Amino acid sequence: MKNYKGKFRSFGVTTIVAVYLLILVGGIVRATGSGMGCPDWPKCFGQWVPPTTEAELPANYKEKFKVAGKEIADFNVVHTWTEYINRLIGVLIGFFIFITFLLSLSFYSSQRSIPILSFATFLAVGFQGWLGSVVVSTNLQPVMITLHMLLAQVIVAVLIFVILKSYGEVLSLKPLPDKKKGLANKAVLVCIVLSVIQLILGTQVREEVDTVAKSLDMQQRSLWLEEVGTLFYVHRSFSILVVLAHAYFFYLLYEAKDALDSKLKNWSSLLFAILFIEILSGIGMAYFAIPKTLQPVHLLFGSLILGVQFILFLFINFEKLFKKQEKSELHPAY
C-alpha cells in the first residue's frame, strides 16, 4: 500500500504539470485565434480525425457547421489542428486525473478526504470538458471563457491540496512563530485574492482585444489596446497593487528568515521569479503590440502565480491543516 501512496504523490504531481501544459496550450489557441478551429464538439467538422484540407469538407460546410446561427470562417488547417490538439490534451488529462483518483484509494482507510476530493476533481474535469463545448457552441462567449479559466485554477488548487495532504504523514515543516504566521497568512491570502481579480481582469482584456481585432486589421495591431480603453488601464494599474501586496509578503518572510523552513524559502523564491516574468511579459504585451508569443506565456505565468501562492499558504498552515486532520481521520472519535 505504501508503494501506491508514493505513486499517487508522483503521478499527482505529473497531473498538475499536465494541467498547466493544457493552460499553456489554451493560451496558444487564444493567441492564434484558433478557438473556433473546430466548430463542433466533441468531433471536429463531424469527424474524429479533423480534415487537413478544405477539399475534405462538404461544399456547404460554412452553413452546415454554423455556430450560434452564424456561418463559420474559411477553413484554416492550422487553427483546426491547434484546437484539436488542445482537446486531445484535455482528454488525456481526464485520464490522468482518473488514474490519480484510482491511486488515491490507497489513502481510503487513513485519509478518506483524499480519494473523495480526487474523485470530485475528476467530476470537475468532466464538467470542464462540457464547459469547453459550451464555449464553442456560444462562439467564444466572453463569460464562458472566464468561467472556463477559473475552473481550471480550482482544479489545480484541489490537486495541489490533496497531494500536499498526502504528504502529511511523511513530511514535517518547521512552523513559523505564531505572530509571523498570522501576518504571513493574511498577506498571502490578500495576494491570492488580488491575483484572482487580476486574472479575471486580464481575461476580460483579452476578450475585448478579440472583439477589437475583428474590426481592426493586423496592420493596426498596435492600436488594439488603445481601443480596449479603460479596462486595459484598470488591469495595468491593478498590477501595482498586486506587486505591493507581494512585496509586503516577501518582506514578512525575509523578516522571519531565521525561522523559515527551507521549503518556504524555495517556493517564495520561485514565486518572486514567476511574478517578475509575469510583469515583464505584461510590459512586453503592452509596449510591443501584444506579440502572439507572449500571450500564452503571460497566461501561463499568471496561473502559476496562483498555484505557488496556494502552495505557500498550505505550507504556512501545514501543521494545522494536515497533521491535526490526519489524527482526526485516523480516529473518528478523537
# chains A, B, ... in the order shown; residues from 1 in each chain; ligands from 1
>>> closest_atom_pairs(of="range 129-210 of chain A", to="range 223-237 of chain A", cutoff="12 Å", atoms="only C-alpha atoms", output="JSON lines")
{"residue": "A:Leu194", "atom": "CA", "partner": "A:His235", "partner_atom": "CA", "distance": 11.2}
{"residue": "A:Ser195", "atom": "CA", "partner": "A:His235", "partner_atom": "CA", "distance": 11.0}
{"residue": "A:Val196", "atom": "CA", "partner": "A:His235", "partner_atom": "CA", "distance": 11.9}
{"residue": "A:Ile197", "atom": "CA", "partner": "A:His235", "partner_atom": "CA", "distance": 9.3}
{"residue": "A:Gln198", "atom": "CA", "partner": "A:His235", "partner_atom": "CA", "distance": 6.6}
{"residue": "A:Leu199", "atom": "CA", "partner": "A:His235", "partner_atom": "CA", "distance": 9.0}
{"residue": "A:Ile200", "atom": "CA", "partner": "A:His235", "partner_atom": "CA", "distance": 9.3}
{"residue": "A:Leu201", "atom": "CA", "partner": "A:His235", "partner_atom": "CA", "distance": 5.8}
{"residue": "A:Gly202", "atom": "CA", "partner": "A:His235", "partner_atom": "CA", "distance": 6.4}
{"residue": "A:Thr203", "atom": "CA", "partner": "A:His235", "partner_atom": "CA", "distance": 9.8}
{"residue": "A:Gln204", "atom": "CA", "partner": "A:Leu231", "partner_atom": "CA", "distance": 7.9}
{"residue": "A:Val205", "atom": "CA", "partner": "A:Phe232", "partner_atom": "CA", "distance": 5.9}
{"residue": "A:Arg206", "atom": "CA", "partner": "A:Phe232", "partner_atom": "CA", "distance": 9.2}
{"residue": "A:Glu207", "atom": "CA", "partner": "A:Val228", "partner_atom": "CA", "distance": 9.5}
{"residue": "A:Glu208", "atom": "CA", "partner": "A:Val228", "partner_atom": "CA", "distance": 6.0}
{"residue": "A:Val209", "atom": "CA", "partner": "A:Trp224", "partner_atom": "CA", "distance": 6.2}
{"residue": "A:Asp210", "atom": "CA", "partner": "A:Trp224", "partner_atom": "CA", "distance": 9.0}
>>> write_last_selection(atoms="N, CA, C and O atoms", output="mmCIF file, in the first residue's frame")
data_model
loop_
_atom_site.group_PDB
_atom_site.id
_atom_site.type_symbol
_atom_site.label_atom_id
_atom_site.label_comp_id
_atom_site.auth_asym_id
_atom_site.auth_seq_id
_atom_site.Cartn_x
_atom_site.Cartn_y
_atom_site.Cartn_z
ATOM 1 N N LEU A 194 -6.144 39.181 -4.755
ATOM 2 C CA LEU A 194 -5.786 40.199 -5.757
ATOM 3 C C LEU A 194 -5.379 39.542 -7.079
ATOM 4 O O LEU A 194 -5.711 40.050 -8.154
ATOM 5 N N SER A 195 -4.683 38.418 -6.996
ATOM 6 C CA SER A 195 -4.244 37.730 -8.216
ATOM 7 C C SER A 195 -5.423 37.138 -8.983
ATOM 8 O O SER A 195 -5.423 37.123 -10.217
ATOM 9 N N VAL A 196 -6.428 36.632 -8.250
ATOM 10 C CA VAL A 196 -7.635 36.116 -8.911
ATOM 11 C C VAL A 196 -8.352 37.247 -9.641
ATOM 12 O O VAL A 196 -8.764 37.099 -10.799
ATOM 13 N N ILE A 197 -8.487 38.389 -8.954
ATOM 14 C CA ILE A 197 -9.134 39.550 -9.586
ATOM 15 C C ILE A 197 -8.341 39.977 -10.826
ATOM 16 O O ILE A 197 -8.926 40.257 -11.882
ATOM 17 N N GLN A 198 -7.018 39.998 -10.698
ATOM 18 C CA GLN A 198 -6.172 40.399 -11.821
ATOM 19 C C GLN A 198 -6.294 39.413 -12.987
ATOM 20 O O GLN A 198 -6.291 39.815 -14.161
ATOM 21 N N LEU A 199 -6.411 38.137 -12.668
ATOM 22 C CA LEU A 199 -6.578 37.125 -13.709
ATOM 23 C C LEU A 199 -7.897 37.332 -14.454
ATOM 24 O O LEU A 199 -7.953 37.233 -15.684
ATOM 25 N N ILE A 200 -8.952 37.629 -13.700
ATOM 26 C CA ILE A 200 -10.262 37.889 -14.317
ATOM 27 C C ILE A 200 -10.192 39.134 -15.195
ATOM 28 O O ILE A 200 -10.691 39.145 -16.333
ATOM 29 N N LEU A 201 -9.558 40.189 -14.681
ATOM 30 C CA LEU A 201 -9.402 41.414 -15.471
ATOM 31 C C LEU A 201 -8.610 41.136 -16.752
ATOM 32 O O LEU A 201 -8.970 41.625 -17.830
ATOM 33 N N GLY A 202 -7.534 40.360 -16.616
ATOM 34 C CA GLY A 202 -6.717 40.029 -17.775
ATOM 35 C C GLY A 202 -7.496 39.237 -18.814
ATOM 36 O O GLY A 202 -7.365 39.477 -20.024
ATOM 37 N N THR A 203 -8.339 38.300 -18.346
ATOM 38 C CA THR A 203 -9.165 37.519 -19.262
ATOM 39 C C THR A 203 -10.154 38.417 -19.989
ATOM 40 O O THR A 203 -10.384 38.275 -21.192
ATOM 41 N N GLN A 204 -10.727 39.387 -19.256
ATOM 42 C CA GLN A 204 -11.669 40.316 -19.878
ATOM 43 C C GLN A 204 -10.986 41.228 -20.890
ATOM 44 O O GLN A 204 -11.548 41.527 -21.946
ATOM 45 N N VAL A 205 -9.751 41.652 -20.580
ATOM 46 C CA VAL A 205 -8.985 42.460 -21.538
ATOM 47 C C VAL A 205 -8.752 41.647 -22.812
ATOM 48 O O VAL A 205 -8.919 42.157 -23.928
ATOM 49 N N ARG A 206 -8.396 40.376 -22.627
ATOM 50 C CA ARG A 206 -8.151 39.514 -23.789
ATOM 51 C C ARG A 206 -9.415 39.354 -24.622
ATOM 52 O O ARG A 206 -9.367 39.347 -25.864
ATOM 53 N N GLU A 207 -10.561 39.240 -23.961
ATOM 54 C CA GLU A 207 -11.825 39.116 -24.683
ATOM 55 C C GLU A 207 -12.130 40.385 -25.475
ATOM 56 O O GLU A 207 -12.605 40.326 -26.620
ATOM 57 N N GLU A 208 -11.840 41.545 -24.865
ATOM 58 C CA GLU A 208 -12.053 42.817 -25.565
ATOM 59 C C GLU A 208 -11.103 42.952 -26.747
ATOM 60 O O GLU A 208 -11.477 43.481 -27.798
ATOM 61 N N VAL A 209 -9.873 42.486 -26.567
ATOM 62 C CA VAL A 209 -8.894 42.517 -27.664
ATOM 63 C C VAL A 209 -9.413 41.687 -28.843
ATOM 64 O O VAL A 209 -9.291 42.087 -30.007
ATOM 65 N N ASP A 210 -10.000 40.517 -28.534
ATOM 66 C CA ASP A 210 -10.556 39.675 -29.593
ATOM 67 C C ASP A 210 -11.637 40.420 -30.369
ATOM 68 O O ASP A 210 -11.723 40.332 -31.598
#
>>> residues_around(residues="Asn3 in chain A", least_positions_apart="6", cutoff="12 Å", atoms="only C-alpha atoms", output="list of chain:residue names")
A:Arg9, A:Ser10, A:Leu103, A:Ser104, A:Ser106, A:Phe107
>>> atom_distance(atom1="CA of Leu275 in chain A", atom2="CA of Leu22 in chain A")
20.2 Å
>>> residues_around(residues="Gly69 in chain A", least_positions_apart="6", cutoff="12 Å", atoms="only C-alpha atoms", output="PyMOL selection string")
chain A and resi 39+62-63+137-139
>>> atom_distance(atom1="CA of Lys174 in chain A", atom2="CA of Lys265 in chain A")
11.5 Å
>>> residues_around(residues="range 285-301 of chain A", least_positions_apart="2", cutoff="6 Å", atoms="only C-alpha atoms", output="PyMOL selection string")
chain A and resi 24+27-28+31+221-222+278+281-283+303-304
>>> atom_distance(atom1="CA of Cys44 in chain A", atom2="CA of Trp81 in chain A")
9.4 Å
>>> closest_residue(among="A:Ala68, A:Leu253, A:Val190, A:Leu102", to="Pro115 in chain A", atoms="only C-alpha atoms")
A:Leu102
>>> closest_residue(among="A:Tyr61, A:Trp267, A:Ile85, A:Lys257", to="Pro175 in chain A", atoms="only C-alpha atoms")
A:Lys257
>>> select_by_dssp(residues="range 144-173 of chain A", states="alpha helix (DSSP H)", output="CSV table (one decimal) with N, CA and C atoms, in the first residue's frame")
chain,number,residue,atom,x,y,z
A,144,MET,N,-18.3,32.7,-20.6
A,144,MET,CA,-18.0,31.3,-20.6
A,144,MET,C,-16.5,31.1,-20.6
A,145,ILE,N,-15.7,31.9,-21.4
A,145,ILE,CA,-14.3,31.8,-21.4
A,145,ILE,C,-13.7,32.0,-20.0
A,146,THR,N,-14.2,33.1,-19.3
A,146,THR,CA,-13.7,33.4,-18.0
A,146,THR,C,-14.0,32.3,-17.0
A,147,LEU,N,-15.2,31.7,-17.1
A,147,LEU,CA,-15.6,30.6,-16.2
A,147,LEU,C,-14.7,29.4,-16.5
A,148,HIS,N,-14.4,29.1,-17.7
A,148,HIS,CA,-13.6,28.0,-18.1
A,148,HIS,C,-12.2,28.2,-17.5
A,149,MET,N,-11.6,29.4,-17.6
A,149,MET,CA,-10.3,29.7,-17.0
A,149,MET,C,-10.3,29.5,-15.5
A,150,LEU,N,-11.3,30.0,-14.8
A,150,LEU,CA,-11.4,30.0,-13.3
A,150,LEU,C,-11.5,28.6,-12.8
A,151,LEU,N,-12.3,27.7,-13.5
A,151,LEU,CA,-12.5,26.3,-13.1
A,151,LEU,C,-11.1,25.6,-13.2
A,152,ALA,N,-10.3,25.9,-14.2
A,152,ALA,CA,-9.0,25.3,-14.4
A,152,ALA,C,-8.2,25.6,-13.2
A,153,GLN,N,-8.3,26.8,-12.6
A,153,GLN,CA,-7.5,27.2,-11.4
A,153,GLN,C,-8.0,26.4,-10.2
A,154,VAL,N,-9.3,26.2,-10.1
A,154,VAL,CA,-9.9,25.5,-9.0
A,154,VAL,C,-9.4,24.0,-9.0
A,155,ILE,N,-9.4,23.4,-10.2
A,155,ILE,CA,-8.9,22.0,-10.4
A,155,ILE,C,-7.5,21.9,-9.9
A,156,VAL,N,-6.6,22.8,-10.4
A,156,VAL,CA,-5.2,22.8,-9.9
A,156,VAL,C,-5.1,22.9,-8.4
A,157,ALA,N,-5.9,23.8,-7.8
A,157,ALA,CA,-5.8,24.1,-6.4
A,157,ALA,C,-6.2,22.8,-5.6
A,158,VAL,N,-7.3,22.1,-6.0
A,158,VAL,CA,-7.7,20.9,-5.3
A,158,VAL,C,-6.6,19.8,-5.5
A,159,LEU,N,-6.1,19.7,-6.7
A,159,LEU,CA,-5.0,18.7,-6.9
A,159,LEU,C,-3.8,19.0,-5.9
A,160,ILE,N,-3.4,20.3,-5.9
A,160,ILE,CA,-2.3,20.7,-5.0
A,160,ILE,C,-2.6,20.3,-3.5
A,161,PHE,N,-3.9,20.6,-3.1
A,161,PHE,CA,-4.3,20.3,-1.8
A,161,PHE,C,-4.2,18.8,-1.4
A,162,VAL,N,-4.7,18.0,-2.3
A,162,VAL,CA,-4.7,16.6,-2.0
A,162,VAL,C,-3.3,16.0,-2.0
A,163,ILE,N,-2.5,16.5,-2.9
A,163,ILE,CA,-1.1,16.0,-3.0
A,163,ILE,C,-0.3,16.3,-1.7
A,164,LEU,N,-0.4,17.6,-1.3
A,164,LEU,CA,0.2,18.0,-0.1
A,164,LEU,C,-0.4,17.3,1.2
A,165,LYS,N,-1.7,17.1,1.1
A,165,LYS,CA,-2.3,16.4,2.3
A,165,LYS,C,-1.8,15.0,2.4
A,166,SER,N,-1.5,14.4,1.3
A,166,SER,CA,-0.9,13.0,1.3
A,166,SER,C,0.5,13.0,1.9
